Every structure is written in structure tokens, then in C-alpha cells.
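Enquirer: Sharing run_28.txt, compact mmCIF, C-alpha atoms:
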```txt
# COMPACT_ATOMS: atom_id res chain seq x y z
CA MET A 1 -23.67 -4.65 1.93
CA LYS A 2 -26.62 -4.24 4.23
CA LEU A 3 -25.87 -1.87 7.10
CA LYS A 4 -29.13 -2.81 8.85
CA GLU A 5 -27.99 -6.46 9.03
CA ILE A 6 -24.69 -5.40 10.62
CA ALA A 7 -26.72 -3.35 13.10
CA ALA A 8 -28.89 -6.38 13.90
CA LEU A 9 -25.80 -8.52 14.57
CA CYS A 10 -24.31 -5.89 16.86
CA ARG A 11 -27.60 -5.38 18.73
CA LYS A 12 -28.04 -9.11 19.28
CA ALA A 13 -24.47 -9.55 20.54
CA LYS A 14 -24.64 -6.30 22.54
CA SER A 15 -21.29 -5.43 21.04
CA VAL A 16 -20.22 -2.63 18.69
CA ILE A 17 -16.58 -2.65 17.65
CA VAL A 18 -15.01 -0.22 15.19
CA PHE A 19 -11.66 -1.05 13.58
CA ASP A 20 -9.54 1.62 11.89
CA GLU A 21 -7.36 0.67 8.95
CA GLU A 22 -5.45 3.07 6.70
CA GLY A 23 -8.25 5.40 5.67
CA ARG A 24 -11.13 2.94 6.00
CA GLN A 25 -13.15 1.51 8.82
CA TRP A 26 -14.67 -1.81 9.71
CA ALA A 27 -17.49 -2.56 12.14
CA GLY A 28 -18.69 -5.76 13.73
CA ASP A 29 -19.65 -7.72 16.81
CA GLY A 30 -16.31 -9.41 17.54
CA SER A 31 -16.85 -12.58 15.47
CA ALA A 32 -17.35 -10.84 12.14
CA MET A 33 -16.40 -7.44 10.79
CA TYR A 34 -17.55 -5.63 7.69
CA ILE A 35 -15.94 -2.82 5.79
CA LEU A 36 -18.00 0.34 6.17
CA PRO A 37 -18.96 2.43 3.14
CA GLU A 38 -16.49 5.24 2.53
CA ASN A 39 -19.22 7.89 2.71
CA ILE A 40 -19.77 7.23 6.43
CA GLY A 41 -16.13 7.44 7.57
CA GLY A 42 -14.99 8.72 10.95
CA MET A 43 -17.27 6.42 12.92
CA THR A 44 -16.92 5.82 16.63
CA PRO A 45 -18.79 3.17 18.62
CA ASP A 46 -21.07 5.95 19.92
CA THR A 47 -21.95 7.22 16.45
CA LEU A 48 -22.54 3.67 15.23
CA CYS A 49 -24.88 3.06 18.16
CA VAL A 50 -26.91 6.06 16.97
CA ILE A 51 -26.89 4.84 13.35
CA PHE A 52 -27.81 1.33 14.53
CA ASP A 53 -30.83 2.71 16.46
CA ILE A 54 -29.49 1.69 19.85
CA PRO A 55 -31.00 4.04 22.45
CA THR A 56 -28.46 5.90 24.58
CA ASP A 57 -29.69 4.27 27.81
CA LYS A 58 -29.33 0.79 26.24
CA ALA A 59 -25.93 1.58 24.68
CA ALA A 60 -24.43 1.67 28.18
CA GLU A 61 -25.13 -2.09 28.41
CA PHE A 62 -23.15 -2.79 25.22
CA TYR A 63 -19.50 -3.68 24.86
CA THR A 64 -18.09 -0.89 22.70
CA ARG A 65 -14.55 -0.46 21.52
CA ARG A 66 -12.53 1.28 18.85
CA SER A 67 -9.17 -0.13 17.89
CA GLU A 68 -6.71 -0.63 15.08
CA PHE A 69 -7.45 -3.30 12.48
CA PRO A 70 -6.10 -6.61 13.86
CA ALA A 71 -2.59 -7.23 12.54
CA THR A 72 -3.27 -10.97 12.30
CA PHE A 73 -5.81 -10.42 9.50
CA GLU A 74 -4.72 -9.59 5.98
CA SER A 75 -7.07 -7.15 4.26
CA GLY A 76 -5.16 -6.96 0.99
CA ASP A 77 -5.50 -9.00 -2.16
CA GLU A 78 -2.02 -10.50 -1.87
CA ALA A 79 -2.99 -12.91 0.94
CA GLU A 80 -2.78 -16.62 0.21
CA GLU A 81 -6.22 -18.17 0.25
CA ASP A 82 -8.20 -21.24 -0.72
CA GLU A 83 -11.53 -20.81 -2.48
CA LEU A 84 -14.35 -22.31 -0.43
CA LEU A 85 -17.35 -24.17 -1.79
CA PHE A 86 -20.61 -23.24 -0.11
CA ASP A 87 -24.32 -23.20 -0.66
CA THR A 88 -26.39 -20.86 1.49
CA ASP A 89 -29.31 -23.31 1.23
CA ARG A 90 -27.32 -26.06 2.99
CA ARG A 91 -27.13 -25.43 6.69
CA VAL A 92 -26.48 -27.28 9.91
CA LEU A 93 -27.88 -26.74 13.38
CA TYR A 94 -25.14 -26.97 15.95
CA ASP A 95 -25.44 -26.02 19.60
CA GLY A 96 -28.56 -23.98 18.81
CA ALA A 97 -26.89 -22.02 16.01
CA ASP A 98 -27.71 -22.09 12.30
CA MET A 99 -24.38 -22.84 10.61
CA THR A 100 -23.24 -22.79 6.97
CA PRO A 101 -20.70 -25.48 6.03
CA LEU A 102 -17.76 -24.34 3.89
CA GLN A 103 -15.59 -26.87 2.09
CA THR A 104 -12.05 -26.47 0.77
CA PRO A 105 -11.12 -28.10 -2.56
CA ASP A 106 -9.24 -30.82 -0.63
CA GLY A 107 -12.37 -31.70 1.39
CA LYS A 108 -11.80 -29.93 4.72
CA VAL A 109 -15.00 -28.52 6.18
CA PHE A 110 -15.38 -25.33 8.23
CA PHE A 111 -18.50 -23.73 9.66
CA ILE A 112 -19.63 -20.15 10.10
CA LYS A 113 -22.81 -18.85 11.65
CA SER A 114 -25.22 -18.32 8.76
CA LYS A 115 -26.35 -14.97 10.18
CA TYR A 116 -22.99 -13.45 9.27
CA LEU A 117 -23.71 -13.85 5.55
CA LYS A 118 -26.96 -11.83 5.71
CA ALA A 119 -25.07 -8.52 5.57
CA VAL A 120 -23.40 -9.49 2.28
CA ASN A 121 -26.02 -11.69 0.62
CA ASP A 122 -26.98 -8.89 -1.77
CA SER A 123 -23.69 -9.40 -3.62
CA GLU A 124 -23.99 -10.84 -7.11
CA ASN A 125 -20.42 -12.17 -6.96
CA LEU A 126 -20.17 -13.49 -3.39
CA ARG A 127 -17.00 -15.50 -2.82
CA LEU A 128 -15.66 -16.98 0.39
CA THR A 129 -12.03 -17.90 0.86
CA LEU A 130 -10.06 -19.45 3.69
CA ARG A 131 -7.03 -17.54 4.91
CA ILE A 132 -4.52 -18.50 7.58
CA ASP A 133 -2.78 -15.87 9.69
CA GLY A 134 0.87 -15.96 10.77
CA GLU A 135 -0.01 -17.95 13.90
CA GLY A 136 -1.91 -20.66 11.99
CA ASN A 137 -5.40 -19.37 12.88
CA ARG A 138 -8.03 -19.68 10.16
CA TYR A 139 -10.45 -16.96 9.11
CA ILE A 140 -12.90 -16.49 6.29
CA ALA A 141 -12.45 -13.65 3.82
CA VAL A 142 -15.80 -12.70 2.28
CA LYS A 143 -15.43 -11.04 -1.09
CA ASP A 144 -17.74 -9.20 -3.39
CA GLY A 145 -16.07 -10.19 -6.64
CA MET A 146 -12.41 -9.29 -6.13
CA PHE A 147 -12.94 -6.93 -3.22
CA LEU A 148 -12.85 -7.88 0.45
CA ALA A 149 -16.17 -7.05 2.14
CA ALA A 150 -15.99 -8.90 5.45
CA ILE A 151 -13.96 -11.16 7.69
CA ILE A 152 -15.65 -13.93 9.66
CA VAL A 153 -14.09 -16.14 12.29
CA PRO A 154 -15.16 -19.77 11.75
CA ILE A 155 -16.72 -21.79 14.54
CA MET A 156 -14.56 -24.52 15.99
CA LEU A 157 -16.79 -27.49 16.72
CA LYS A 158 -16.07 -29.47 19.86
CA PRO A 159 -13.97 -32.63 19.31
CA GLY A 160 -16.11 -35.76 19.33
CA THR A 161 -19.17 -33.91 18.03
CA THR A 162 -21.21 -35.58 15.34
CA ALA A 163 -22.75 -33.10 12.91
CA TRP A 164 -25.37 -33.85 10.27
CA LEU A 165 -24.07 -32.61 6.94
CA GLY A 166 -26.43 -34.10 4.39
CA THR A 167 -25.19 -33.87 0.83
CA LEU A 168 -22.04 -31.83 0.41
CA TYR A 169 -21.24 -30.52 -3.05
CA ASN A 170 -19.54 -32.78 -5.63
CA GLY A 171 -22.32 -35.37 -5.34
CA THR A 172 -20.93 -37.31 -2.39
CA VAL A 173 -23.24 -38.03 0.48
CA LYS A 174 -22.05 -37.78 4.04
CA SER A 175 -24.87 -38.41 6.44
CA HIS A 176 -22.80 -37.29 9.39
CA MET A 177 -19.28 -36.38 10.27
CA GLU A 178 -17.24 -36.92 13.40
CA ILE A 179 -15.34 -33.76 14.39
CA GLU A 180 -11.75 -34.63 15.20
CA GLY A 181 -9.70 -32.97 17.93
```
As C-alpha cells, how would this structure be written, given the file I've shared?

Expert:
Amino acid sequence: MKLKEIAALCRKAKSVIVFDEEGRQWAGDGSAMYILPENIGGMTPDTLCVIFDIPTDKAAEFYTRRSEFPATFESGDEAEEDELLFDTDRRVLYDGADMTPLQTPDGKVFFIKSKYLKAVNDSENLRLTLRIDGEGNRYIAVKDGMFLAAIIVPIMLKPGTTAWLGTLYNGTVKSHMEIEG
């Protein structure tokens, strides 16, 4: 995991959020959160701002918060999940954002902002899975092998949007796709 990439995400979003969960901590910008290395435990938003090289006078302009790990997300290995197919070289531009398409085995497609994978792209065994919380909301569990490294909230494209997808996996070509409501 690349701490400097997490810092870049937080600086760009002007948001530093720390989540506490049973002896470990997560940090992120509100749309993605990453498990922090155990050797830097006890972080607060203020200490992360220092680590992330955010000057004290600029930190006042940031949204900072410390809270409990969201109960809607499952951080354990017992969560039901679908393996997602993805290729970091295949991306889509949508509403000015560089997006990575993720496809379930049954052909459903989800999108995440590509920038959220930069913090974990040093993993040799990067896996992305789709999980659904108790309220039916979808989220992406990013794993380094068997271990959860990050959680990313997928982007919901606006109904009626046509997105260029190019070639998606299994050899089928879809030149574009209409996003349903």
C-alpha cells in the first residue's frame, strides 16, 4: 500500500477521515478507505494531516473527522462477495473522471474512479470483489491476496447515460452501453 497515494487523494478531496475498528485504523477521503499499517496506529485526523504534508494553516480548510468503522461495511473474510473482472488498462472517461469498469461473472458492470487503485497497485495479488451491505448498497472490497486492503464506493452513473466501454473481457465487444435507471 502506498501511503503517499492515500495522502494525495485526501489532499485533492480536502478531506481526511480516520475510522477506528477493533485495534486497527482506516483512512480515506470519504469515497475510499484504506487500512493503515499497524506500525502507525493511534492516528487522528490532525496527525494524518502532518504525515500527509498538509500545512497547519491549510488543514483548517479540510473536512476532518474520526469515527467508528461504518457498520454497513464488512471488513472480515466471511462476507459474501462476487469476484470482479477488471483490467487497469481499460478505462472510461465519465463526467470528467477516469473510471475503471468492473464486471461481475454474470455480466453486470460497475465503475470506480481509477485514482482509488493507485494506493494499492503495488500488490502482486490484487483482487476486487463486490459486496452488498444489509441495506442492498454495493461496495468494492479491494484485497491483497486474501487480506482486505481497501473499500471503495462505486460510482453510480446517471440513468440514460451512454458510456463507451470498448472491449470488455471475455472477447465480446460492446461499443457503448446505456445505463439503466

Enquirer: Between A:Val153, A:Phe147, A:Phe111, A:Glu83, which has the minimum distance to Asp133 in chain A (counting only C-alpha atoms)?

Expert: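 Once distances to Asp133 in chain A are computed over only C-alpha atoms, the minimum belongs to A:Val153.
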
Enquirer: Which residues come within 12 Å of Ile17 in chain A, counting all atoms listed in the file, excluding same-chain residues fewer than 4 positions away, as an NGL selection string?

Expert: :A and (6-7 or 9-11 or 13 or 25-36 or 43-49 or 62-70)

Enquirer: Quick one: residues within 8 Å of Tyr139 in chain A, only C-alpha atoms counted, chain neighbours fewer than 2 positions away excluded, as a ChimeraX atom specification?

Expert: /A:130-133,137,141,151-154

Enquirer: In terms of the shortest atom-to-atom distance over all atoms listed in the file, which of A:Tyr116, A:Leu128, A:Pro55, A:Asn121 is closest to Phe86 in chain A?

Expert: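 Of all the options, A:Leu128 lies closest to Phe86 in chain A.
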
Enquirer: Take CA of Lys14 in chain A and CA of Lys113 in chain A and report the distance between them in Å, one decimal.

Expert: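 Between CA of Lys14 in chain A and CA of Lys113 in chain A the gap works out to 16.7 Å.
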
Enquirer: Near Thr129 in chain A, counting only C-alpha atoms, which residues have an atom at most 9 Å away, once you skip same-chain residues fewer than 3 positions from it, shown as a ChimeraX atom specification?

Expert: /A:81-85,104,139-143

Enquirer: Mind writing the picked residues with C-alpha atoms as an mmCIF file, in the frame of the given file?

Expert:
```
data_model
loop_
_atom_site.group_PDB
_atom_site.id
_atom_site.type_symbol
_atom_site.label_atom_id
_atom_site.label_comp_id
_atom_site.auth_asym_id
_atom_site.auth_seq_id
_atom_site.Cartn_x
_atom_site.Cartn_y
_atom_site.Cartn_z
ATOM 1 C CA GLU A 81 -6.220 -18.170 0.250
ATOM 2 C CA ASP A 82 -8.200 -21.240 -0.720
ATOM 3 C CA GLU A 83 -11.530 -20.810 -2.480
ATOM 4 C CA LEU A 84 -14.350 -22.310 -0.430
ATOM 5 C CA LEU A 85 -17.350 -24.170 -1.790
ATOM 6 C CA THR A 104 -12.050 -26.470 0.770
ATOM 7 C CA TYR A 139 -10.450 -16.960 9.110
ATOM 8 C CA ILE A 140 -12.900 -16.490 6.290
ATOM 9 C CA ALA A 141 -12.450 -13.650 3.820
ATOM 10 C CA VAL A 142 -15.800 -12.700 2.280
ATOM 11 C CA LYS A 143 -15.430 -11.040 -1.090
#
```

Enquirer: Enter the distance from CA of Asp57 in chain A to CA of Lys4 in chain A, in Å, rounded to one decimal.

Expert: 20.2 Å

Enquirer: Would you mind telling me which residue in A:Glu38, A:Asp53, A:Asp77, A:Glu5 lies nearest to Leu148 in chain A when using all atoms listed in the file?

Expert: A:Asp77

Enquirer: Enter the distance from CA of Leu102 in chain A to CA of Lys115 in chain A, in Å, rounded to one decimal.

Expert: 14.2 Å

Enquirer: Taking into account only C-alpha atoms, which residue in the set A:Thr72, A:Asn125, A:Ser15, A:Thr88 is nearest to Phe52 in chain A?

Expert: A:Ser15

Enquirer: Quick one: of A:Glu124, A:Glu61, A:Asp95, A:Glu22, who's nearest to Asp144 in chain A, counting all atoms listed in the file?

Expert: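 So, comparing all the options, the nearest one is A:Glu124.
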
Enquirer: Using only C-alpha atoms, which residue out of A:Leu3, A:Val50, A:Ile155, A:Ala79 lies closest to Val109 in chain A?

Expert: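 The closest residue to Val109 in chain A is A:Ile155.
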
Enquirer: Since the input lacks some atoms of range 17-31 of chain A, please model N, CA and C atoms and print them as a tab-separated table (two decimals), in the coordinates of the input.

Expert:
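Saved as part.tsv:
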```tsv
chain	number	residue	atom	x	y	z
A	17	ILE	N	-18.03	-2.85	17.72
A	17	ILE	CA	-16.58	-2.65	17.65
A	17	ILE	C	-16.26	-1.99	16.32
A	18	VAL	N	-15.46	-0.93	16.38
A	18	VAL	CA	-15.01	-0.22	15.19
A	18	VAL	C	-13.50	-0.45	15.06
A	19	PHE	N	-13.08	-0.84	13.86
A	19	PHE	CA	-11.66	-1.05	13.58
A	19	PHE	C	-11.21	-0.03	12.54
A	20	ASP	N	-10.10	0.64	12.81
A	20	ASP	CA	-9.54	1.62	11.89
A	20	ASP	C	-8.39	1.00	11.12
A	21	GLU	N	-8.43	1.21	9.80
A	21	GLU	CA	-7.36	0.67	8.95
A	21	GLU	C	-7.08	1.63	7.80
A	22	GLU	N	-5.94	2.24	7.81
A	22	GLU	CA	-5.45	3.07	6.70
A	22	GLU	C	-6.54	3.72	5.85
A	23	GLY	N	-7.27	4.64	6.43
A	23	GLY	CA	-8.25	5.40	5.67
A	23	GLY	C	-9.61	4.74	5.49
A	24	ARG	N	-9.81	3.56	6.05
A	24	ARG	CA	-11.13	2.94	6.00
A	24	ARG	C	-11.45	2.34	7.36
A	25	GLN	N	-12.71	2.06	7.54
A	25	GLN	CA	-13.15	1.51	8.82
A	25	GLN	C	-13.97	0.25	8.62
A	26	TRP	N	-13.93	-0.56	9.64
A	26	TRP	CA	-14.67	-1.81	9.71
A	26	TRP	C	-15.53	-1.76	10.96
A	27	ALA	N	-16.64	-2.47	10.95
A	27	ALA	CA	-17.49	-2.56	12.14
A	27	ALA	C	-17.99	-3.99	12.27
A	28	GLY	N	-18.18	-4.41	13.52
A	28	GLY	CA	-18.69	-5.76	13.73
A	28	GLY	C	-18.97	-6.03	15.18
A	29	ASP	N	-19.26	-7.31	15.46
A	29	ASP	CA	-19.65	-7.72	16.81
A	29	ASP	C	-18.55	-8.49	17.54
A	30	GLY	N	-17.41	-8.68	16.91
A	30	GLY	CA	-16.31	-9.41	17.54
A	30	GLY	C	-16.05	-10.76	16.87
A	31	SER	N	-17.05	-11.33	16.20
A	31	SER	CA	-16.85	-12.58	15.47
A	31	SER	C	-16.85	-12.36	13.97
```
